[in-house]
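**Q** File entry-v3.txt follows (compact mmCIF, N, CA and C atoms):
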```txt
# COMPACT_ATOMS: atom_id res chain seq x y z
N ILE Z 1 -38.08 11.16 -4.51
CA ILE Z 1 -37.90 10.12 -3.53
C ILE Z 1 -36.45 10.16 -3.05
N ARG Z 2 -36.26 10.25 -1.75
CA ARG Z 2 -34.93 10.33 -1.16
C ARG Z 2 -34.11 9.09 -1.52
N GLY Z 3 -32.89 9.29 -2.02
CA GLY Z 3 -31.99 8.20 -2.35
C GLY Z 3 -32.12 7.64 -3.75
N ARG Z 4 -33.15 8.09 -4.47
CA ARG Z 4 -33.41 7.54 -5.81
C ARG Z 4 -32.27 7.83 -6.78
N THR Z 5 -31.68 9.00 -6.71
CA THR Z 5 -30.63 9.39 -7.64
C THR Z 5 -29.44 8.43 -7.56
N ALA Z 6 -29.08 8.02 -6.36
CA ALA Z 6 -27.91 7.17 -6.17
C ALA Z 6 -28.24 5.67 -6.19
N ALA Z 7 -29.50 5.32 -6.25
CA ALA Z 7 -29.92 3.93 -6.04
C ALA Z 7 -29.29 2.93 -7.01
N THR Z 8 -29.28 3.22 -8.30
CA THR Z 8 -28.75 2.25 -9.26
C THR Z 8 -27.24 2.10 -9.09
N GLY Z 9 -26.55 3.20 -8.87
CA GLY Z 9 -25.11 3.13 -8.61
C GLY Z 9 -24.80 2.34 -7.35
N LEU Z 10 -25.64 2.49 -6.33
CA LEU Z 10 -25.46 1.73 -5.10
C LEU Z 10 -25.69 0.24 -5.37
N GLY Z 11 -26.66 -0.07 -6.21
CA GLY Z 11 -26.91 -1.46 -6.59
C GLY Z 11 -25.72 -2.07 -7.32
N VAL Z 12 -25.10 -1.30 -8.20
CA VAL Z 12 -23.90 -1.77 -8.90
C VAL Z 12 -22.80 -2.07 -7.88
N PHE Z 13 -22.64 -1.17 -6.91
CA PHE Z 13 -21.63 -1.40 -5.86
C PHE Z 13 -21.95 -2.66 -5.06
N TYR Z 14 -23.20 -2.82 -4.64
CA TYR Z 14 -23.57 -4.01 -3.86
C TYR Z 14 -23.25 -5.30 -4.63
N CYS Z 15 -23.59 -5.34 -5.91
CA CYS Z 15 -23.30 -6.52 -6.73
C CYS Z 15 -21.80 -6.76 -6.83
N THR Z 16 -21.05 -5.69 -7.05
CA THR Z 16 -19.59 -5.79 -7.15
C THR Z 16 -19.01 -6.30 -5.83
N ARG Z 17 -19.46 -5.72 -4.74
CA ARG Z 17 -18.97 -6.13 -3.42
C ARG Z 17 -19.25 -7.61 -3.16
N GLU Z 18 -20.46 -8.05 -3.47
CA GLU Z 18 -20.82 -9.45 -3.23
C GLU Z 18 -19.98 -10.39 -4.09
N GLU Z 19 -19.75 -10.04 -5.34
CA GLU Z 19 -18.91 -10.87 -6.21
C GLU Z 19 -17.49 -10.95 -5.67
N LEU Z 20 -16.96 -9.83 -5.19
CA LEU Z 20 -15.59 -9.80 -4.68
C LEU Z 20 -15.47 -10.46 -3.31
N ASN Z 21 -16.57 -10.75 -2.68
CA ASN Z 21 -16.56 -11.48 -1.42
C ASN Z 21 -16.80 -12.98 -1.61
N ASP Z 22 -17.01 -13.38 -2.87
CA ASP Z 22 -17.24 -14.79 -3.18
C ASP Z 22 -15.88 -15.50 -3.29
N LYS Z 23 -15.60 -16.34 -2.30
CA LYS Z 23 -14.29 -17.01 -2.20
C LYS Z 23 -13.97 -17.83 -3.45
N ASN Z 24 -14.94 -18.61 -3.93
CA ASN Z 24 -14.71 -19.47 -5.09
C ASN Z 24 -14.48 -18.66 -6.37
N LEU Z 25 -15.27 -17.62 -6.57
CA LEU Z 25 -15.10 -16.78 -7.75
C LEU Z 25 -13.73 -16.11 -7.74
N CYS Z 26 -13.36 -15.54 -6.61
CA CYS Z 26 -12.06 -14.87 -6.53
C CYS Z 26 -10.91 -15.84 -6.76
N ALA Z 27 -11.05 -17.06 -6.26
CA ALA Z 27 -10.02 -18.08 -6.49
C ALA Z 27 -9.90 -18.40 -7.98
N ARG Z 28 -11.04 -18.54 -8.66
CA ARG Z 28 -11.03 -18.82 -10.11
C ARG Z 28 -10.41 -17.67 -10.89
N LEU Z 29 -10.65 -16.43 -10.44
CA LEU Z 29 -10.11 -15.25 -11.12
C LEU Z 29 -8.66 -14.95 -10.74
N GLY Z 30 -8.19 -15.60 -9.71
CA GLY Z 30 -6.82 -15.38 -9.26
C GLY Z 30 -6.63 -14.05 -8.55
N ILE Z 31 -7.67 -13.58 -7.87
CA ILE Z 31 -7.57 -12.34 -7.11
C ILE Z 31 -7.92 -12.60 -5.65
N THR Z 32 -7.48 -11.71 -4.79
CA THR Z 32 -7.80 -11.85 -3.38
C THR Z 32 -9.25 -11.46 -3.14
N GLN Z 33 -9.80 -12.01 -2.11
CA GLN Z 33 -11.19 -11.76 -1.75
C GLN Z 33 -11.31 -10.38 -1.10
N GLY Z 34 -12.45 -9.70 -1.33
CA GLY Z 34 -12.74 -8.42 -0.71
C GLY Z 34 -12.52 -7.25 -1.66
N VAL Z 35 -13.05 -6.09 -1.28
CA VAL Z 35 -12.99 -4.91 -2.14
C VAL Z 35 -11.74 -4.06 -1.94
N ALA Z 36 -11.13 -4.13 -0.77
CA ALA Z 36 -10.02 -3.25 -0.43
C ALA Z 36 -8.89 -3.32 -1.47
N GLY Z 37 -8.56 -2.16 -2.02
CA GLY Z 37 -7.45 -2.04 -2.95
C GLY Z 37 -7.70 -2.50 -4.36
N LYS Z 38 -8.89 -3.02 -4.64
CA LYS Z 38 -9.18 -3.48 -6.01
C LYS Z 38 -9.20 -2.29 -6.96
N THR Z 39 -8.65 -2.48 -8.16
CA THR Z 39 -8.61 -1.42 -9.16
C THR Z 39 -9.88 -1.47 -10.01
N VAL Z 40 -10.37 -0.27 -10.35
CA VAL Z 40 -11.64 -0.15 -11.05
C VAL Z 40 -11.51 0.83 -12.22
N VAL Z 41 -12.10 0.47 -13.35
CA VAL Z 41 -12.27 1.37 -14.48
C VAL Z 41 -13.78 1.55 -14.65
N VAL Z 42 -14.22 2.79 -14.72
CA VAL Z 42 -15.64 3.11 -14.86
C VAL Z 42 -15.88 3.70 -16.24
N GLN Z 43 -16.77 3.10 -17.01
CA GLN Z 43 -17.15 3.64 -18.32
C GLN Z 43 -18.45 4.41 -18.13
N GLY Z 44 -18.36 5.72 -18.23
CA GLY Z 44 -19.52 6.58 -18.07
C GLY Z 44 -19.54 7.20 -16.69
N PHE Z 45 -19.73 8.50 -16.64
CA PHE Z 45 -19.76 9.20 -15.34
C PHE Z 45 -21.07 9.96 -15.19
N GLY Z 46 -22.13 9.37 -15.72
CA GLY Z 46 -23.46 9.92 -15.51
C GLY Z 46 -23.97 9.47 -14.16
N ASN Z 47 -25.25 9.39 -14.03
CA ASN Z 47 -25.86 9.04 -12.76
C ASN Z 47 -25.37 7.70 -12.20
N VAL Z 48 -25.44 6.65 -12.99
CA VAL Z 48 -25.05 5.32 -12.50
C VAL Z 48 -23.55 5.24 -12.26
N GLY Z 49 -22.76 5.61 -13.26
CA GLY Z 49 -21.30 5.49 -13.14
C GLY Z 49 -20.70 6.33 -12.04
N SER Z 50 -21.17 7.57 -11.90
CA SER Z 50 -20.59 8.44 -10.88
C SER Z 50 -20.89 7.95 -9.48
N TYR Z 51 -22.11 7.49 -9.25
CA TYR Z 51 -22.45 6.99 -7.91
C TYR Z 51 -21.81 5.64 -7.64
N ALA Z 52 -21.75 4.77 -8.65
CA ALA Z 52 -21.07 3.49 -8.47
C ALA Z 52 -19.60 3.73 -8.10
N ALA Z 53 -18.96 4.66 -8.81
CA ALA Z 53 -17.56 5.00 -8.52
C ALA Z 53 -17.42 5.55 -7.11
N GLN Z 54 -18.35 6.40 -6.71
CA GLN Z 54 -18.29 7.00 -5.38
C GLN Z 54 -18.41 5.94 -4.28
N PHE Z 55 -19.34 5.01 -4.44
CA PHE Z 55 -19.50 3.96 -3.42
C PHE Z 55 -18.30 3.01 -3.40
N CYS Z 56 -17.77 2.67 -4.56
CA CYS Z 56 -16.58 1.82 -4.63
C CYS Z 56 -15.39 2.51 -3.97
N TYR Z 57 -15.20 3.77 -4.27
CA TYR Z 57 -14.10 4.56 -3.71
C TYR Z 57 -14.19 4.63 -2.19
N ARG Z 58 -15.36 4.89 -1.69
CA ARG Z 58 -15.55 5.01 -0.24
C ARG Z 58 -15.39 3.68 0.48
N ALA Z 59 -15.52 2.58 -0.26
CA ALA Z 59 -15.33 1.25 0.32
C ALA Z 59 -13.86 0.80 0.26
N GLY Z 60 -13.00 1.64 -0.32
CA GLY Z 60 -11.57 1.33 -0.35
C GLY Z 60 -11.05 0.82 -1.67
N MET Z 61 -11.86 0.90 -2.71
CA MET Z 61 -11.40 0.49 -4.04
C MET Z 61 -10.67 1.66 -4.69
N LYS Z 62 -9.80 1.36 -5.64
CA LYS Z 62 -9.00 2.38 -6.31
C LYS Z 62 -9.51 2.56 -7.74
N ILE Z 63 -10.14 3.71 -8.00
CA ILE Z 63 -10.64 4.02 -9.34
C ILE Z 63 -9.46 4.58 -10.14
N ILE Z 64 -9.03 3.83 -11.15
CA ILE Z 64 -7.85 4.26 -11.92
C ILE Z 64 -8.21 4.98 -13.21
N ALA Z 65 -9.45 4.83 -13.67
CA ALA Z 65 -9.87 5.53 -14.90
C ALA Z 65 -11.38 5.73 -14.92
N ILE Z 66 -11.75 6.88 -15.45
CA ILE Z 66 -13.16 7.19 -15.73
C ILE Z 66 -13.21 7.49 -17.22
N VAL Z 67 -13.93 6.67 -17.95
CA VAL Z 67 -13.96 6.77 -19.41
C VAL Z 67 -15.26 7.44 -19.85
N GLU Z 68 -15.11 8.51 -20.59
CA GLU Z 68 -16.25 9.23 -21.16
C GLU Z 68 -16.07 9.23 -22.67
N ARG Z 69 -17.12 9.62 -23.41
CA ARG Z 69 -17.05 9.55 -24.87
C ARG Z 69 -16.02 10.52 -25.46
N ASP Z 70 -15.74 11.61 -24.78
CA ASP Z 70 -14.80 12.61 -25.32
C ASP Z 70 -13.43 12.55 -24.66
N GLY Z 71 -13.15 11.51 -23.92
CA GLY Z 71 -11.85 11.37 -23.27
C GLY Z 71 -11.97 10.60 -21.98
N ALA Z 72 -10.83 10.33 -21.38
CA ALA Z 72 -10.81 9.56 -20.14
C ALA Z 72 -9.88 10.21 -19.14
N LEU Z 73 -10.29 10.18 -17.89
CA LEU Z 73 -9.45 10.63 -16.79
C LEU Z 73 -8.70 9.40 -16.28
N TYR Z 74 -7.38 9.51 -16.18
CA TYR Z 74 -6.56 8.36 -15.80
C TYR Z 74 -5.57 8.74 -14.72
N ASN Z 75 -5.50 7.90 -13.70
CA ASN Z 75 -4.49 8.05 -12.66
C ASN Z 75 -4.22 6.66 -12.09
N PRO Z 76 -3.06 6.07 -12.41
CA PRO Z 76 -2.77 4.72 -11.94
C PRO Z 76 -2.69 4.61 -10.42
N ASP Z 77 -2.49 5.73 -9.74
CA ASP Z 77 -2.44 5.75 -8.27
C ASP Z 77 -3.82 5.90 -7.65
N GLY Z 78 -4.83 6.13 -8.48
CA GLY Z 78 -6.19 6.28 -7.99
C GLY Z 78 -6.68 7.71 -8.09
N ILE Z 79 -7.94 7.85 -8.44
CA ILE Z 79 -8.58 9.16 -8.59
C ILE Z 79 -9.40 9.43 -7.33
N ASN Z 80 -9.28 10.64 -6.81
CA ASN Z 80 -10.12 11.05 -5.69
C ASN Z 80 -11.52 11.28 -6.26
N ILE Z 81 -12.41 10.34 -6.03
CA ILE Z 81 -13.73 10.39 -6.67
C ILE Z 81 -14.59 11.52 -6.11
N ASP Z 82 -14.44 11.84 -4.85
CA ASP Z 82 -15.22 12.96 -4.31
C ASP Z 82 -14.84 14.26 -5.01
N ALA Z 83 -13.53 14.45 -5.24
CA ALA Z 83 -13.07 15.65 -5.96
C ALA Z 83 -13.51 15.61 -7.42
N ALA Z 84 -13.41 14.43 -8.05
CA ALA Z 84 -13.82 14.29 -9.45
C ALA Z 84 -15.33 14.53 -9.60
N PHE Z 85 -16.11 14.02 -8.67
CA PHE Z 85 -17.56 14.20 -8.68
C PHE Z 85 -17.92 15.68 -8.62
N SER Z 86 -17.28 16.41 -7.71
CA SER Z 86 -17.53 17.86 -7.59
C SER Z 86 -17.09 18.60 -8.84
N TYR Z 87 -15.92 18.24 -9.37
CA TYR Z 87 -15.41 18.91 -10.57
C TYR Z 87 -16.34 18.67 -11.75
N TRP Z 88 -16.77 17.41 -11.93
CA TRP Z 88 -17.66 17.05 -13.03
C TRP Z 88 -18.98 17.80 -12.92
N ALA Z 89 -19.51 17.90 -11.72
CA ALA Z 89 -20.79 18.59 -11.51
C ALA Z 89 -20.71 20.06 -11.94
N GLN Z 90 -19.55 20.65 -11.75
CA GLN Z 90 -19.37 22.05 -12.10
C GLN Z 90 -19.01 22.27 -13.56
N HIS Z 91 -18.18 21.39 -14.14
CA HIS Z 91 -17.64 21.60 -15.49
C HIS Z 91 -18.20 20.68 -16.57
N LYS Z 92 -18.82 19.57 -16.18
CA LYS Z 92 -19.30 18.55 -17.12
C LYS Z 92 -18.18 18.06 -18.04
N SER Z 93 -16.98 18.10 -17.52
CA SER Z 93 -15.79 17.65 -18.23
C SER Z 93 -14.69 17.45 -17.19
N PHE Z 94 -13.68 16.65 -17.53
CA PHE Z 94 -12.52 16.51 -16.65
C PHE Z 94 -11.34 17.34 -17.14
N LYS Z 95 -11.55 18.11 -18.19
CA LYS Z 95 -10.49 18.98 -18.70
C LYS Z 95 -10.10 19.97 -17.61
N GLY Z 96 -8.82 19.96 -17.26
CA GLY Z 96 -8.31 20.84 -16.22
C GLY Z 96 -8.35 20.25 -14.82
N PHE Z 97 -8.92 19.05 -14.67
CA PHE Z 97 -8.97 18.42 -13.34
C PHE Z 97 -7.55 18.03 -12.93
N PRO Z 98 -7.11 18.48 -11.76
CA PRO Z 98 -5.71 18.26 -11.37
C PRO Z 98 -5.40 16.85 -10.85
N GLY Z 99 -6.40 16.00 -10.67
CA GLY Z 99 -6.16 14.70 -10.05
C GLY Z 99 -5.93 13.55 -10.99
N GLY Z 100 -5.57 13.84 -12.23
CA GLY Z 100 -5.33 12.77 -13.19
C GLY Z 100 -4.99 13.33 -14.55
N GLU Z 101 -4.63 12.42 -15.43
CA GLU Z 101 -4.25 12.79 -16.80
C GLU Z 101 -5.47 12.60 -17.71
N LEU Z 102 -5.77 13.61 -18.51
CA LEU Z 102 -6.86 13.49 -19.47
C LEU Z 102 -6.33 12.83 -20.72
N ARG Z 103 -6.93 11.70 -21.10
CA ARG Z 103 -6.48 10.94 -22.26
C ARG Z 103 -7.56 10.98 -23.33
N THR Z 104 -7.16 10.97 -24.59
CA THR Z 104 -8.12 11.01 -25.68
C THR Z 104 -8.46 9.62 -26.22
N ASP Z 105 -7.70 8.61 -25.81
CA ASP Z 105 -7.90 7.25 -26.30
C ASP Z 105 -8.88 6.47 -25.42
N SER Z 106 -10.12 6.95 -25.39
CA SER Z 106 -11.14 6.37 -24.51
C SER Z 106 -11.29 4.87 -24.66
N LEU Z 107 -11.37 4.38 -25.88
CA LEU Z 107 -11.57 2.94 -26.08
C LEU Z 107 -10.41 2.12 -25.56
N LYS Z 108 -9.20 2.62 -25.72
CA LYS Z 108 -8.01 1.93 -25.20
C LYS Z 108 -8.04 1.86 -23.68
N MET Z 109 -8.61 2.88 -23.06
CA MET Z 109 -8.67 2.93 -21.60
C MET Z 109 -9.56 1.81 -21.05
N LEU Z 110 -10.50 1.33 -21.85
CA LEU Z 110 -11.35 0.22 -21.42
C LEU Z 110 -10.58 -1.10 -21.38
N GLU Z 111 -9.38 -1.10 -21.97
CA GLU Z 111 -8.55 -2.31 -21.99
C GLU Z 111 -7.49 -2.30 -20.90
N LEU Z 112 -7.52 -1.29 -20.02
CA LEU Z 112 -6.55 -1.23 -18.94
C LEU Z 112 -6.68 -2.46 -18.03
N PRO Z 113 -5.56 -2.99 -17.57
CA PRO Z 113 -5.65 -4.06 -16.58
C PRO Z 113 -6.32 -3.51 -15.32
N CYS Z 114 -7.35 -4.21 -14.86
CA CYS Z 114 -8.06 -3.80 -13.64
C CYS Z 114 -8.76 -5.01 -13.07
N ASP Z 115 -9.17 -4.88 -11.82
CA ASP Z 115 -9.93 -5.96 -11.19
C ASP Z 115 -11.40 -5.91 -11.56
N VAL Z 116 -11.92 -4.68 -11.74
CA VAL Z 116 -13.34 -4.49 -12.01
C VAL Z 116 -13.53 -3.45 -13.11
N LEU Z 117 -14.35 -3.79 -14.10
CA LEU Z 117 -14.77 -2.84 -15.13
C LEU Z 117 -16.26 -2.61 -14.93
N ILE Z 118 -16.65 -1.35 -14.75
CA ILE Z 118 -18.05 -1.01 -14.59
C ILE Z 118 -18.53 -0.33 -15.87
N PRO Z 119 -19.29 -1.05 -16.71
CA PRO Z 119 -19.82 -0.45 -17.93
C PRO Z 119 -21.12 0.30 -17.62
N ALA Z 120 -21.02 1.60 -17.46
CA ALA Z 120 -22.18 2.41 -17.07
C ALA Z 120 -22.43 3.55 -18.04
N ALA Z 121 -21.99 3.38 -19.28
CA ALA Z 121 -22.20 4.42 -20.29
C ALA Z 121 -23.65 4.37 -20.77
N MET Z 122 -24.09 5.48 -21.30
CA MET Z 122 -25.44 5.54 -21.84
C MET Z 122 -25.52 4.69 -23.11
N GLU Z 123 -26.71 4.26 -23.43
CA GLU Z 123 -26.93 3.45 -24.62
C GLU Z 123 -26.42 4.18 -25.86
N GLY Z 124 -25.76 3.44 -26.73
CA GLY Z 124 -25.30 4.02 -27.99
C GLY Z 124 -23.94 4.68 -27.92
N GLN Z 125 -23.27 4.61 -26.80
CA GLN Z 125 -21.95 5.23 -26.69
C GLN Z 125 -20.87 4.19 -26.79
```
Starting from the file, lay out its structure as structure tokens.

**A**
Amino acid sequence: IRGRTAATGLGVFYCTREELNDKNLCARLGITQGVAGKTVVVQGFGNVGSYAAQFCYRAGMKIIAIVERDGALYNPDGINIDAAFSYWAQHKSFKGFPGGELRTDSLKMLELPCDVLIPAAMEGQ
């Protein structure tokens, strides 16, 4: 079915976008309304996480970390998700990816200050 692969990740993006457009919620959280420039940490770069990251990135959000079980890709200036997506598809790892620092402290990376945390890891990780 056309679009099925990206559907859940797109749903995650839609929910995130709607929450960030909620004036009252953003006021309570002390953040500005809208997706532009919001920092994101994604846990898991499988089907859901990779597509959620791609949709967030294309909407103007800044993905600062992608956390996987064997390490995390980190770039405080933002990761080019299209390049990361292509690299991951070819290597199934971020080792050697030039667009960020590979970190071994995956769990610590989940504690990074960010506007949005997307928990998209597989069950049991």

**Q** Please list as a PyMOL selection string every residue within 6.5 Å of region 8-14 of chain Z, counting all atoms listed in the file and excluding residues in the same chain fewer than 6 positions away.

**A** chain Z and resi 47-53+55-56

**Q** Name the residues of chain Z that fall into strand (DSSP E) according to DSSP on the backbone, using the chain letters and numbers of this document, as a PyMOL selection string.

**A** chain Z and resi 39-43+62-68+71-74+101-103+116-119

**Q** Env of Ile63 (chain Z): 7 Å cut, atoms = only N, CA and C atoms, seq-sep filter 5 positions within chain, self excluded. Answer as a count of residues only.

**A** 13

**Q** Take CA of Leu73 (chain Z) and atom C of Arg103 (chain Z) and report the distance between them in Å, one decimal.

**A**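 Going from CA of Leu73 (chain Z) over to atom C of Arg103 (chain Z), I get 6.8 Å.
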
**Q** Need the shell around region 28-37 of chain Z: protein/DNA/RNA residues with any atom at most 7 Å away, counting all atoms listed in the file. Skip same-chain ones fewer than 5 positions apart. Format as a PyMOL selection string?

**A** chain Z and resi 17+19-23+59-62
